[in-house]
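Asks: The file below is entry_24.cif, mmCIF, C-alpha atoms and all ligand atoms:
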data_entry
loop_
_atom_site.label_atom_id
_atom_site.label_comp_id
_atom_site.auth_asym_id
_atom_site.auth_seq_id
_atom_site.Cartn_x
_atom_site.Cartn_y
_atom_site.Cartn_z
CA MET A 1 0.00 0.00 0.00
CA HIS A 2 1.20 3.50 -0.78
CA PHE A 3 0.02 7.10 -0.79
CA PHE A 4 0.22 8.05 -4.45
CA LYS A 5 -3.43 8.26 -5.43
CA TYR A 6 -5.69 10.09 -7.85
CA LYS A 7 -8.01 12.68 -6.37
CA LYS A 8 -10.42 14.16 -8.89
CA LYS A 9 -8.30 12.87 -11.77
CA GLU A 10 -5.10 14.44 -10.50
CA LEU A 11 -2.30 12.28 -9.11
CA TYR A 12 -1.32 13.23 -5.57
CA ALA A 13 1.65 12.36 -3.44
CA GLU A 14 -0.08 12.25 -0.06
CA ASP A 15 -1.83 15.66 0.03
CA VAL A 16 0.24 17.40 -2.62
CA LYS A 17 -0.60 17.50 -6.31
CA VAL A 18 2.21 15.94 -8.33
CA LYS A 19 1.77 18.66 -10.94
CA LYS A 20 2.51 21.30 -8.32
CA LEU A 21 5.75 19.55 -7.39
CA ILE A 22 6.78 19.47 -11.03
CA GLU A 23 6.10 23.21 -11.31
CA LEU A 24 8.24 23.84 -8.25
CA TYR A 25 11.08 21.40 -8.71
CA GLY A 26 11.16 20.61 -12.44
CA SER A 27 11.33 17.34 -14.38
CA PRO A 28 12.36 14.57 -14.19
CA LEU A 29 11.67 14.34 -10.49
CA TYR A 30 11.82 11.64 -7.83
CA ILE A 31 9.02 12.00 -5.28
CA TYR A 32 8.80 10.00 -2.03
CA SER A 33 5.95 9.65 0.43
CA HIS A 34 6.96 9.96 4.08
CA LYS A 35 3.83 8.20 5.26
CA THR A 36 4.51 5.21 3.02
CA LEU A 37 8.15 4.98 4.09
CA LEU A 38 7.22 5.04 7.74
CA ARG A 39 4.36 2.59 7.29
CA HIS A 40 6.59 0.05 5.57
CA PHE A 41 9.38 0.45 8.09
CA LYS A 42 7.00 0.04 11.00
CA ALA A 43 5.37 -2.98 9.37
CA TYR A 44 8.62 -4.88 9.97
CA ASN A 45 9.01 -3.63 13.51
CA ASN A 46 5.44 -4.52 14.41
CA ALA A 47 5.59 -7.89 12.70
CA PHE A 48 8.55 -9.10 14.71
CA GLY A 49 7.17 -7.56 17.88
CA ARG A 50 8.88 -8.68 21.05
CA TYR A 51 11.42 -11.02 19.49
CA PRO A 52 14.68 -9.02 19.80
CA HIS A 53 15.37 -7.61 16.37
CA ILE A 54 17.04 -4.83 14.41
CA ILE A 55 15.79 -3.61 11.04
CA CYS A 56 18.95 -2.82 9.10
CA PHE A 57 17.69 -1.04 6.02
CA ALA A 58 19.70 -2.00 2.91
CA LEU A 59 21.21 1.28 1.70
CA LYS A 60 21.74 -0.05 -1.78
CA ALA A 61 18.00 0.25 -2.37
CA ASN A 62 17.93 3.93 -1.47
CA SER A 63 20.69 5.94 0.11
CA ASN A 64 19.11 9.36 0.35
CA THR A 65 20.26 10.80 3.66
CA ALA A 66 16.89 12.29 4.61
CA ILE A 67 15.11 9.01 3.96
CA LEU A 68 17.68 7.14 6.04
CA ARG A 69 17.20 9.68 8.81
CA ILE A 70 13.52 8.66 9.00
CA PHE A 71 14.57 5.08 9.72
CA ALA A 72 17.33 6.15 12.11
CA LYS A 73 14.81 8.18 14.13
CA ASN A 74 12.65 5.11 14.41
CA GLY A 75 15.38 2.85 15.69
CA GLY A 76 16.53 1.51 12.34
CA GLY A 77 20.00 0.26 11.50
CA ALA A 78 21.76 -0.19 8.19
CA ASP A 79 22.98 -2.95 5.92
CA ILE A 80 25.91 -1.54 3.97
CA VAL A 81 28.19 -2.84 1.25
CA SER A 82 30.82 -0.12 0.89
CA GLY A 83 32.74 2.61 2.65
CA GLY A 84 30.53 5.12 0.88
CA GLU A 85 27.41 3.53 2.33
CA LEU A 86 29.01 3.49 5.78
CA TYR A 87 29.78 7.18 5.46
CA THR A 88 26.22 7.91 4.35
CA ALA A 89 24.65 5.79 7.10
CA LEU A 90 26.67 7.59 9.77
CA LYS A 91 25.81 10.99 8.25
CA ALA A 92 22.15 10.01 8.39
CA GLY A 93 22.50 9.40 12.11
CA ILE A 94 22.33 5.61 12.10
CA SER A 95 24.04 4.16 15.14
CA PRO A 96 27.21 2.21 14.21
CA LYS A 97 26.01 -0.39 16.72
CA LYS A 98 23.23 -1.16 14.27
CA ILE A 99 25.33 -1.38 11.12
CA VAL A 100 26.15 -4.65 9.39
CA TYR A 101 28.59 -4.74 6.52
CA ALA A 102 28.30 -7.32 3.68
CA GLY A 103 29.89 -7.59 0.23
CA VAL A 104 32.48 -9.87 -1.33
CA GLY A 105 35.08 -7.19 -2.04
CA LYS A 106 35.80 -5.07 1.03
CA THR A 107 39.04 -3.11 0.61
CA ASP A 108 41.65 -2.51 3.32
CA ASP A 109 40.56 1.12 3.66
CA GLU A 110 36.94 0.15 3.96
CA ILE A 111 37.74 -2.44 6.62
CA ARG A 112 39.74 0.14 8.59
CA PHE A 113 36.93 2.68 8.32
CA ALA A 114 34.39 0.15 9.59
CA LEU A 115 36.64 -0.92 12.48
CA ARG A 116 37.23 2.70 13.44
CA SER A 117 33.49 3.33 13.33
CA LYS A 118 32.83 0.33 15.60
CA ILE A 119 30.07 -1.21 13.54
CA LEU A 120 28.02 -4.12 14.86
CA MET A 121 29.57 -6.72 12.55
CA PHE A 122 31.17 -7.57 9.24
CA ASN A 123 29.28 -10.16 7.24
CA VAL A 124 32.31 -12.00 5.93
CA GLU A 125 32.11 -13.71 2.57
CA SER A 126 35.41 -15.63 2.17
CA GLU A 127 38.38 -17.05 4.06
CA ASP A 128 40.74 -14.52 2.48
CA GLU A 129 38.52 -11.72 3.72
CA LEU A 130 38.35 -13.22 7.20
CA LYS A 131 42.13 -13.31 7.40
CA LYS A 132 42.45 -9.81 6.02
CA ILE A 133 40.03 -8.43 8.61
CA ASN A 134 41.90 -10.29 11.35
CA HIS A 135 45.18 -8.82 10.16
CA ILE A 136 43.91 -5.23 9.97
CA ALA A 137 42.17 -5.53 13.36
CA GLY A 138 45.49 -6.73 14.77
CA GLU A 139 47.29 -3.69 13.37
CA MET A 140 44.62 -1.49 14.92
CA LYS A 141 44.90 -3.38 18.22
CA THR A 142 41.24 -4.24 18.23
CA LYS A 143 38.94 -7.19 17.69
CA ALA A 144 36.72 -7.33 14.64
CA PRO A 145 33.13 -8.48 15.23
CA ILE A 146 32.05 -10.82 12.47
CA ALA A 147 29.33 -13.06 11.15
CA LEU A 148 29.93 -15.48 8.32
CA ARG A 149 27.68 -15.14 5.33
CA ILE A 150 26.42 -18.59 4.49
CA ASN A 151 25.25 -19.48 1.02
CA PRO A 152 22.43 -21.91 1.83
CA ASP A 153 21.93 -23.04 -1.78
CA ILE A 154 18.26 -22.09 -1.92
CA ASP A 155 16.47 -21.00 -5.07
CA PRO A 156 14.55 -17.79 -4.33
CA GLU A 157 12.72 -18.13 -7.67
CA THR A 158 13.39 -14.58 -8.77
CA HIS A 159 15.26 -12.89 -11.63
CA PRO A 160 18.66 -14.62 -12.09
CA TYR A 161 20.55 -11.32 -11.73
CA ILE A 162 19.11 -10.71 -8.29
CA SER A 163 19.26 -14.16 -6.75
CA THR A 164 22.31 -14.63 -4.59
CA GLY A 165 22.04 -17.80 -2.51
CA LEU A 166 22.68 -20.58 -5.03
CA LYS A 167 25.79 -22.72 -5.45
CA GLU A 168 26.87 -20.89 -8.59
CA HIS A 169 26.82 -17.45 -6.95
CA LYS A 170 29.79 -15.46 -5.75
CA PHE A 171 28.13 -14.68 -2.41
CA GLY A 172 28.72 -16.28 0.96
CA ILE A 173 30.48 -19.50 1.82
CA PRO A 174 29.26 -23.02 1.04
CA ILE A 175 27.11 -24.31 3.88
CA GLU A 176 29.11 -27.57 4.01
CA ASP A 177 32.28 -25.62 4.79
CA ALA A 178 30.69 -23.38 7.42
CA ILE A 179 31.81 -25.33 10.49
CA GLN A 180 35.39 -25.30 9.25
CA TYR A 181 35.20 -21.53 8.65
CA TYR A 182 33.83 -20.92 12.12
CA LYS A 183 36.64 -23.02 13.58
CA THR A 184 39.16 -20.91 11.70
CA ALA A 185 37.43 -17.70 12.81
CA SER A 186 37.40 -18.76 16.45
CA ARG A 187 41.14 -19.38 16.33
CA LEU A 188 41.98 -15.96 14.90
CA LYS A 189 43.17 -13.64 17.66
CA ASN A 190 41.60 -10.44 16.40
CA ILE A 191 38.26 -11.86 15.36
CA LYS A 192 35.20 -12.02 17.54
CA VAL A 193 32.44 -14.30 16.27
CA MET A 194 29.08 -12.61 16.74
CA GLY A 195 26.67 -14.25 14.40
CA ILE A 196 25.60 -15.77 11.16
CA HIS A 197 24.29 -14.19 7.98
CA LYS A 198 22.41 -15.22 4.86
CA HIS A 199 20.67 -13.42 2.02
CA ILE A 200 19.24 -15.44 -0.84
CA GLY A 201 18.01 -12.86 -3.31
CA SER A 202 15.70 -9.98 -4.00
CA GLN A 203 12.11 -9.45 -5.17
CA ILE A 204 11.12 -12.80 -3.65
CA THR A 205 7.37 -13.25 -3.80
CA LYS A 206 6.98 -16.48 -1.82
CA ILE A 207 7.46 -17.43 1.81
CA SER A 208 8.93 -20.88 1.24
CA PRO A 209 12.48 -19.86 0.20
CA PHE A 210 12.77 -17.81 3.42
CA VAL A 211 11.53 -20.72 5.53
CA ASP A 212 13.73 -23.30 3.80
CA ALA A 213 16.82 -21.12 4.09
CA LEU A 214 16.18 -20.35 7.76
CA LYS A 215 15.69 -24.04 8.54
CA ARG A 216 19.07 -24.82 7.00
CA ILE A 217 20.73 -22.05 8.94
CA LEU A 218 19.12 -23.15 12.22
CA ILE A 219 20.47 -26.67 11.82
CA LEU A 220 23.90 -25.14 11.34
CA ILE A 221 23.47 -22.92 14.40
CA GLU A 222 22.63 -25.99 16.51
CA GLU A 223 25.77 -27.70 15.33
CA LEU A 224 27.81 -24.60 16.07
CA THR A 225 26.37 -24.26 19.57
CA TYR A 226 27.21 -27.91 20.21
CA LYS A 227 30.76 -27.14 19.14
CA GLY A 228 30.92 -24.18 21.53
CA VAL A 229 30.52 -21.36 19.00
CA GLU A 230 28.07 -18.81 20.33
CA ILE A 231 25.75 -17.15 17.79
CA LYS A 232 24.22 -13.97 19.20
CA TYR A 233 23.00 -12.40 15.98
CA LEU A 234 21.03 -14.17 13.30
CA ASP A 235 20.96 -12.01 10.18
CA ILE A 236 18.43 -13.34 7.67
CA GLY A 237 19.06 -10.69 5.00
CA GLY A 238 16.41 -8.93 2.95
CA GLY A 239 14.63 -9.91 -0.21
CA LEU A 240 10.90 -9.56 0.30
CA GLY A 241 9.33 -8.51 -2.99
CA ILE A 242 6.83 -5.80 -3.81
CA SER A 243 3.98 -5.48 -6.26
CA TYR A 244 5.17 -3.80 -9.45
CA LYS A 245 2.35 -5.17 -11.59
CA ASP A 246 0.25 -8.01 -10.27
CA GLU A 247 2.64 -9.79 -7.92
CA GLU A 248 1.18 -10.60 -4.52
CA PRO A 249 4.20 -10.92 -2.27
CA PRO A 250 3.81 -11.72 1.40
CA VAL A 251 3.88 -8.79 3.81
CA PRO A 252 6.30 -8.67 6.78
CA LYS A 253 3.56 -9.92 9.10
CA GLU A 254 3.15 -13.14 7.10
CA LEU A 255 6.89 -13.58 6.98
CA ALA A 256 7.04 -13.20 10.75
CA GLN A 257 4.19 -15.66 11.21
CA HIS A 258 6.22 -18.29 9.40
CA LEU A 259 9.65 -17.47 10.79
CA LEU A 260 8.97 -16.67 14.45
CA PRO A 261 7.75 -20.17 15.39
CA LEU A 262 11.08 -21.54 14.13
CA LEU A 263 12.93 -19.12 16.40
CA LYS A 264 10.90 -19.79 19.54
CA GLY A 265 13.06 -20.29 22.59
CA LYS A 266 16.23 -19.33 20.76
CA GLU A 267 18.03 -16.50 22.42
CA MET A 268 19.38 -14.49 19.55
CA THR A 269 18.87 -11.05 18.13
CA LEU A 270 17.31 -11.23 14.71
CA ILE A 271 18.63 -8.90 12.04
CA MET A 272 16.74 -8.19 8.86
CA GLU A 273 18.05 -6.26 5.87
CA PRO A 274 15.00 -5.16 3.89
CA GLY A 275 15.48 -2.67 1.09
CA ARG A 276 12.92 -2.81 -1.69
CA SER A 277 9.96 -3.76 0.49
CA ILE A 278 10.41 -0.56 2.51
CA THR A 279 11.15 2.08 -0.13
CA GLY A 280 10.13 0.49 -3.45
CA ASN A 281 6.52 1.58 -3.53
CA ALA A 282 7.23 4.74 -1.54
CA GLY A 283 8.73 6.56 -4.52
CA ILE A 284 7.81 7.57 -8.05
CA LEU A 285 9.73 9.10 -10.93
CA VAL A 286 7.85 11.80 -12.80
CA THR A 287 8.88 12.52 -16.36
CA LYS A 288 7.75 14.84 -19.13
CA VAL A 289 6.58 13.69 -22.55
CA LEU A 290 8.95 15.44 -24.96
CA TYR A 291 7.87 14.01 -28.28
CA LEU A 292 5.62 11.45 -29.84
CA LYS A 293 6.96 9.56 -32.78
CA GLN A 294 5.70 6.92 -35.18
CA GLY A 295 8.47 4.47 -36.08
CA TYR A 296 8.35 1.75 -38.75
CA GLU A 297 6.33 -0.56 -36.63
CA LYS A 298 5.99 1.09 -33.29
CA GLU A 299 4.85 4.19 -31.59
CA PHE A 300 7.34 5.87 -29.29
CA ILE A 301 6.64 8.14 -26.37
CA ILE A 302 9.89 10.01 -25.82
CA VAL A 303 10.26 11.29 -22.28
CA ASP A 304 12.88 13.30 -20.41
CA ALA A 305 13.92 10.48 -18.03
CA GLY A 306 16.23 7.81 -19.33
CA MET A 307 18.07 4.67 -18.34
CA ASN A 308 20.59 6.84 -16.50
CA ASP A 309 17.77 7.90 -14.15
CA LEU A 310 16.07 4.50 -13.86
CA ILE A 311 17.96 1.53 -15.23
CA ARG A 312 15.78 -1.33 -13.99
CA PRO A 313 13.73 -1.77 -17.21
CA SER A 314 16.90 -1.77 -19.37
CA LEU A 315 18.93 -3.98 -17.05
CA TYR A 316 16.41 -6.56 -15.90
CA GLY A 317 13.51 -6.03 -18.27
CA ALA A 318 11.71 -4.87 -15.12
CA TYR A 319 8.12 -3.73 -15.27
CA HIS A 320 7.21 -0.35 -13.78
CA ARG A 321 3.63 0.83 -14.00
CA ILE A 322 3.37 4.15 -15.89
CA LEU A 323 0.46 6.51 -15.22
CA PRO A 324 -0.45 9.96 -16.55
CA ILE A 325 -0.44 12.49 -13.72
CA THR A 326 -3.76 13.81 -14.99
CA LYS A 327 -6.47 11.30 -15.82
CA LYS A 328 -8.54 12.04 -18.89
CA LYS A 329 -11.06 10.18 -20.96
CA ARG A 330 -9.00 8.89 -23.85
CA PRO A 331 -8.35 5.69 -25.70
CA ASP A 332 -5.46 3.36 -24.91
CA THR A 333 -2.64 2.83 -27.32
CA PHE A 334 0.43 0.59 -27.50
CA ALA A 335 3.78 2.33 -27.30
CA ASP A 336 7.37 2.09 -26.14
CA VAL A 337 8.15 4.69 -23.51
CA VAL A 338 11.76 5.64 -24.20
CA GLY A 339 14.33 8.07 -22.85
CA PRO A 340 16.71 10.49 -24.57
CA ILE A 341 19.83 8.30 -24.15
CA CYS A 342 21.61 7.14 -27.29
CA GLU A 343 21.05 3.44 -26.78
CA SER A 344 18.32 1.15 -28.05
CA GLY A 345 18.23 -0.31 -24.56
CA ASP A 346 17.05 3.00 -23.16
CA PHE A 347 13.42 2.39 -22.38
CA LEU A 348 11.10 2.62 -19.41
CA ALA A 349 8.44 0.40 -20.95
CA LYS A 350 8.10 -1.74 -24.05
CA GLU A 351 4.94 -2.34 -26.06
CA ARG A 352 2.95 -0.96 -23.20
CA GLU A 353 -0.79 -0.43 -23.28
CA ILE A 354 -1.01 3.17 -22.18
CA PRO A 355 -3.54 6.00 -22.48
CA GLU A 356 -2.83 8.31 -25.41
CA VAL A 357 -0.70 11.15 -24.13
CA LYS A 358 0.19 14.51 -25.58
CA GLN A 359 3.46 16.38 -25.86
CA GLY A 360 4.16 18.31 -22.66
CA GLU A 361 2.14 15.98 -20.40
CA TYR A 362 3.73 14.24 -17.43
CA LEU A 363 3.90 10.55 -16.62
CA ALA A 364 4.56 8.92 -13.27
CA VAL A 365 6.77 5.86 -13.29
CA MET A 366 5.58 3.96 -10.25
CA SER A 367 7.49 1.79 -7.74
CA ALA A 368 10.61 3.90 -8.21
CA GLY A 369 11.70 4.18 -4.59
CA ALA A 370 14.19 1.30 -4.60
CA TYR A 371 17.14 0.60 -6.89
CA ALA A 372 16.08 3.63 -8.87
CA PHE A 373 17.87 6.84 -7.89
CA SER A 374 20.51 4.72 -6.10
CA MET A 375 21.41 3.08 -9.44
CA SER A 376 21.32 6.29 -11.44
CA SER A 377 24.32 7.67 -13.28
CA ASN A 378 25.49 10.65 -15.32
CA TYR A 379 25.61 8.67 -18.55
CA ASN A 380 25.31 10.96 -21.58
CA SER A 381 26.43 13.73 -19.19
CA ARG A 382 22.94 14.02 -17.82
CA PRO A 383 22.56 15.71 -14.43
CA ARG A 384 20.64 13.52 -12.00
CA PRO A 385 17.07 14.49 -11.05
CA ALA A 386 16.09 16.19 -7.80
CA GLU A 387 14.50 14.17 -5.00
CA VAL A 388 11.55 15.49 -3.00
CA LEU A 389 9.96 14.13 0.16
CA VAL A 390 6.26 14.73 0.73
CA LYS A 391 4.80 14.66 4.23
CA GLY A 392 1.09 15.36 4.29
CA LYS A 393 0.66 18.81 2.80
CA GLU A 394 4.34 19.64 3.09
CA HIS A 395 7.15 18.95 0.67
CA PHE A 396 10.90 19.09 1.09
CA LEU A 397 13.77 19.06 -1.35
CA ILE A 398 15.98 16.20 -0.11
CA ARG A 399 18.48 16.21 -2.96
CA GLU A 400 19.11 19.06 -5.33
CA ARG A 401 18.91 18.52 -9.05
CA GLU A 402 22.44 18.22 -10.35
CA ALA A 403 23.80 20.98 -12.55
CA TYR A 404 26.22 20.75 -15.46
CA HIS A 405 29.04 22.01 -13.26
CA ASP A 406 28.42 19.10 -10.84
CA ILE A 407 29.19 16.68 -13.65
CA GLN A 408 32.45 18.50 -14.37
CA LYS A 409 33.46 18.97 -10.73
CA LYS A 410 35.99 16.15 -10.55
CA ALA A 411 37.39 16.47 -14.06
CA ARG A 412 41.00 17.68 -14.45
CA ILE A 413 42.91 18.79 -17.55
CA PRO A 414 46.62 17.94 -17.39
CA ALA A 415 49.02 20.87 -17.75
CA PHE A 416 50.32 19.75 -21.14
CA LEU A 417 46.85 20.20 -22.59
CA LYS A 418 46.29 23.64 -21.16
N1 LIG A 501 21.11 -7.69 2.05
C1 LIG A 501 21.97 -8.09 1.11
C2 LIG A 501 23.21 -8.76 1.52
C3 LIG A 501 21.71 -7.84 -0.24
O1 LIG A 501 22.57 -8.23 -1.16
C4 LIG A 501 20.51 -7.17 -0.60
C5 LIG A 501 20.21 -6.89 -2.01
C6 LIG A 501 19.62 -6.77 0.42
C7 LIG A 501 19.95 -7.06 1.74
C8 LIG A 501 18.34 -6.04 0.16
O2 LIG A 501 17.45 -6.81 -0.58
P1 LIG A 501 15.95 -6.30 -0.85
O3 LIG A 501 15.20 -6.36 0.47
O4 LIG A 501 16.01 -4.94 -1.38
O5 LIG A 501 15.42 -7.28 -1.83
N2 LIG A 501 19.25 -3.88 -8.28
C9 LIG A 501 18.34 -4.99 -8.17
C10 LIG A 501 18.30 -5.56 -6.78
C11 LIG A 501 19.64 -6.04 -6.27
C12 LIG A 501 19.58 -6.56 -4.87
C13 LIG A 501 20.93 -6.87 -4.35
N3 LIG A 501 20.96 -7.23 -2.98
C14 LIG A 501 16.97 -4.53 -8.65
O6 LIG A 501 16.83 -3.38 -9.05
O7 LIG A 501 16.02 -5.32 -8.69
#
What would you get if you wrote out this structure as structure tokens?
Replies:
Amino acid sequence: MHFFKYKKKELYAEDVKVKKLIELYGSPLYIYSHKTLLRHFKAYNNAFGRYPHIICFALKANSNTAILRIFAKNGGGADIVSGGELYTALKAGISPKKIVYAGVGKTDDEIRFALRSKILMFNVESEDELKKINHIAGEMKTKAPIALRINPDIDPETHPYISTGLKEHKFGIPIEDAIQYYKTASRLKNIKVMGIHKHIGSQITKISPFVDALKRILILIEELTYKGVEIKYLDIGGGLGISYKDEEPPVPKELAQHLLPLLKGKEMTLIMEPGRSITGNAGILVTKVLYLKQGYEKEFIIVDAGMNDLIRPSLYGAYHRILPITKKKRPDTFADVVGPICESGDFLAKEREIPEVKQGEYLAVMSAGAYAFSMSSNYNSRPRPAEVLVKGKEHFLIREREAYHDIQKKARIPAFLK
């Protein structure tokens, strides 16, 4: 559920007309609903109730500082995968004691930064990494808190690019080798074993992969406890899907109803790393229709947002609902909604049944709150859009639209060319 709704044929973000926001902030524009963000965040908190838990929002889905601040103020933590995300999470006011750090390629500098910041734990993905963290912690005369990321070999039945917990994937360590890894970790002087981690994929629309993966992990935890390895934190990752079109993914409450019975009597703190299910449907991308064009076989609606602003359709063939911001009585047509980028892969929708639109009208690309702005780029030297947060009748600029000089800011011309 979200708070982008038509009122008298005009699309509103909460209580503000989208058209008004476009007039104020320009196009293309990312718009987020505060109420939706909060509702989704709280849905997790409420679902897991009294079982000790931390919601570590996955920054990769959306790393806008103001949005992160909303979660921080409500007790949220962060799941990060880079030094940059650590920096952003801290800037947003997220407590380092609620930050978990995953990713297969942590650099020495990033490890040092995380140790200095005293994060909750590193989710370690290989033996080399474990040894590297131990070494750096030794140099810094500290102990590094870690969990091992286990690859439970579970098919999340999602898009192949966004599933992560199968044998062929680069993530985590094979479950059969886990005991050996924990033994190694326990022997390392500057490592402190805190927990266990798994994440099997994203946009998962069924409960069963979560249940199956947790069952596997719990068997492993029992074995570890028997062997004297204490697991305080059980990090089950993120991955819950959202409805882009007609998917009917479970909500956090249903997930909790299936997972909590398995955890009964187990004294651990549960960590979850949701990303998409919190911000995905809390954001939209509004774009202007620049031109209409009849090709050989197709009609094209050319808009001012491209794959640099929202890459999901180009990269995964992802479906995002596209709605006119003003509803009118008009026939539907079939068209490709394409951006201005010089690539055939630059499209927001293909062969889409869409109401006939006119030049100068605006379209809202829905479900653009996760992996949207965070995956944007300056390709074709295009400044990134502004981001606006709506709260009831109020609206706030939470990221300025980039200017041409922003794109050039880091460029240098060597003296011999001057
Ligand atoms: N934790 C870990 C370790 C992850 O790798 C991910 C996502 C998450 C948590 C958050 O998962 P979520 O709750 O958002 O499903 N760019 C792709 C999605 C990539 C997801 C990568 N990992 C997309 O646009 O669909």
Asks: Grab the atom CA of A:Asp177 to atom CA of A:Gly105 distance for me, in Å with one decimal place.
Replies: 19.9 Å
Asks: Write out as a PyMOL selection string which residues come within 6 Å of A:Thr279 when counting all atoms listed in the file, dropping same-chain ones fewer than 4 positions away.
Replies: chain A and resi 37+369-370
Asks: Which of these residues is nearest to A:Met366, using only C-alpha atoms: A:Lys350, A:His405, A:Arg412, A:His320?
Replies: A:His320
Asks: Could you tell me, counting all atoms listed in the file, which protein and nucleic acid residues lie no more than 9 Å from ligand LIG 501 (chain A), written as a ChimeraX atom specification?
Replies: /A:56-61,79-81,101-103,123,149,159,161-164,171,197-204,236-242,272-280,311-313,315-316,318,370-372,374-375
Asks: Out of A:Ile271, A:Ile231, A:Ala89, A:Ala386, which residue has the shortest atom-to-atom distance to A:Lys192 when counting all atoms listed in the file?
Replies: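 Comparing A:Ile271, A:Ile231, A:Ala89, A:Ala386 against A:Lys192, the winner is A:Ile231.
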Asks: Could you list, as a PDB file with C-alpha atoms, in the coordinates of the input, every residue within 6 Å of stretch 124-130 of chain A, counting only C-alpha atoms and ignoring same-chain residues fewer than 4 positions away?
Replies:
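This is the output file around17.pdb:
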ATOM      1  CA  VAL A 104      32.480  -9.870  -1.330  1.00  0.00           C
ATOM      2  CA  LEU A 148      29.930 -15.480   8.320  1.00  0.00           C
ATOM      3  CA  ARG A 149      27.680 -15.140   5.330  1.00  0.00           C
ATOM      4  CA  GLY A 172      28.720 -16.280   0.960  1.00  0.00           C
TER       5      GLY A 172
END
Asks: What lies within 9 Å of A:Leu323 using only C-alpha atoms, ignoring chain neighbours under 2 positions off, as a PyMOL selection string?
Replies: chain A and resi 11+321+325-327+354-355+362-366
Asks: Between A:Lys264, A:His258, A:Lys19, A:Lys106, which residue has the minimum interatomic distance to A:Pro52, considering all atoms listed in the file?
Replies: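 Under the stated criterion, the closest residue is A:Lys264.
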Asks: Between A:Gly306, A:Gly165, A:Pro414, A:Gly295, which one has atoms that come closest to A:Asp153, using only C-alpha atoms?
Replies: A:Gly165
Asks: What is the atom CA of A:Lys8-atom CA of A:Arg39 distance in Å, reported with one decimal?
Replies: 24.8 Å
Asks: To one decimal in Å, tell me the separation between atom CA of A:Lys358 and atom CA of A:Glu10.
Replies: 16.0 Å
Asks: I need the residue nearest A:Ile196 from this list: A:Ala411, A:Met121, A:Val211, A:Ile154. Use all atoms listed in the file for the distance.
Replies: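 Ranking A:Ala411, A:Met121, A:Val211, A:Ile154 by distance to A:Ile196, first place goes to A:Met121.
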Asks: Need the axis-aligned box for stretch 221-226 of chain A with 8 Å each side, so what are the centre and edges in Å to one decimal, as AutoDock Vina command-line options?
Replies:
--center_x 25.2 --center_y -25.4 --center_z 17.3 --size_x 21.2 --size_y 21.0 --size_z 21.8
Asks: Give as a list in words every residue, naming chains and numbers as the document does, that has an atom within 12 Å of (4.9, 11.4, -34.0), counting only C-alpha atoms.
Replies: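 Checking each residue against the 12 Å limit leaves Val289, Leu290, Tyr291, Leu292, Lys293, Gln294, Gly295, Tyr296, Lys298, Glu299, Phe300, Ile301, Ile302, Ala335, Glu356, Val357, Lys358 and Gln359 of chain A.
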Asks: Determine the nearest neighbour of A:Tyr181 from the options A:Leu224, A:Ile67, A:Pro145, A:Arg116, counting all atoms listed in the file.
Replies: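 For A:Tyr181, the nearest of the given residues is A:Leu224.
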Asks: Can you pull out every residue within 6 Å of A:Gly195, counting only C-alpha atoms, but drop anything in the same chain fewer than 6 positions away, and send it as a PyMOL selection string?
Replies: chain A and resi 147+231-234
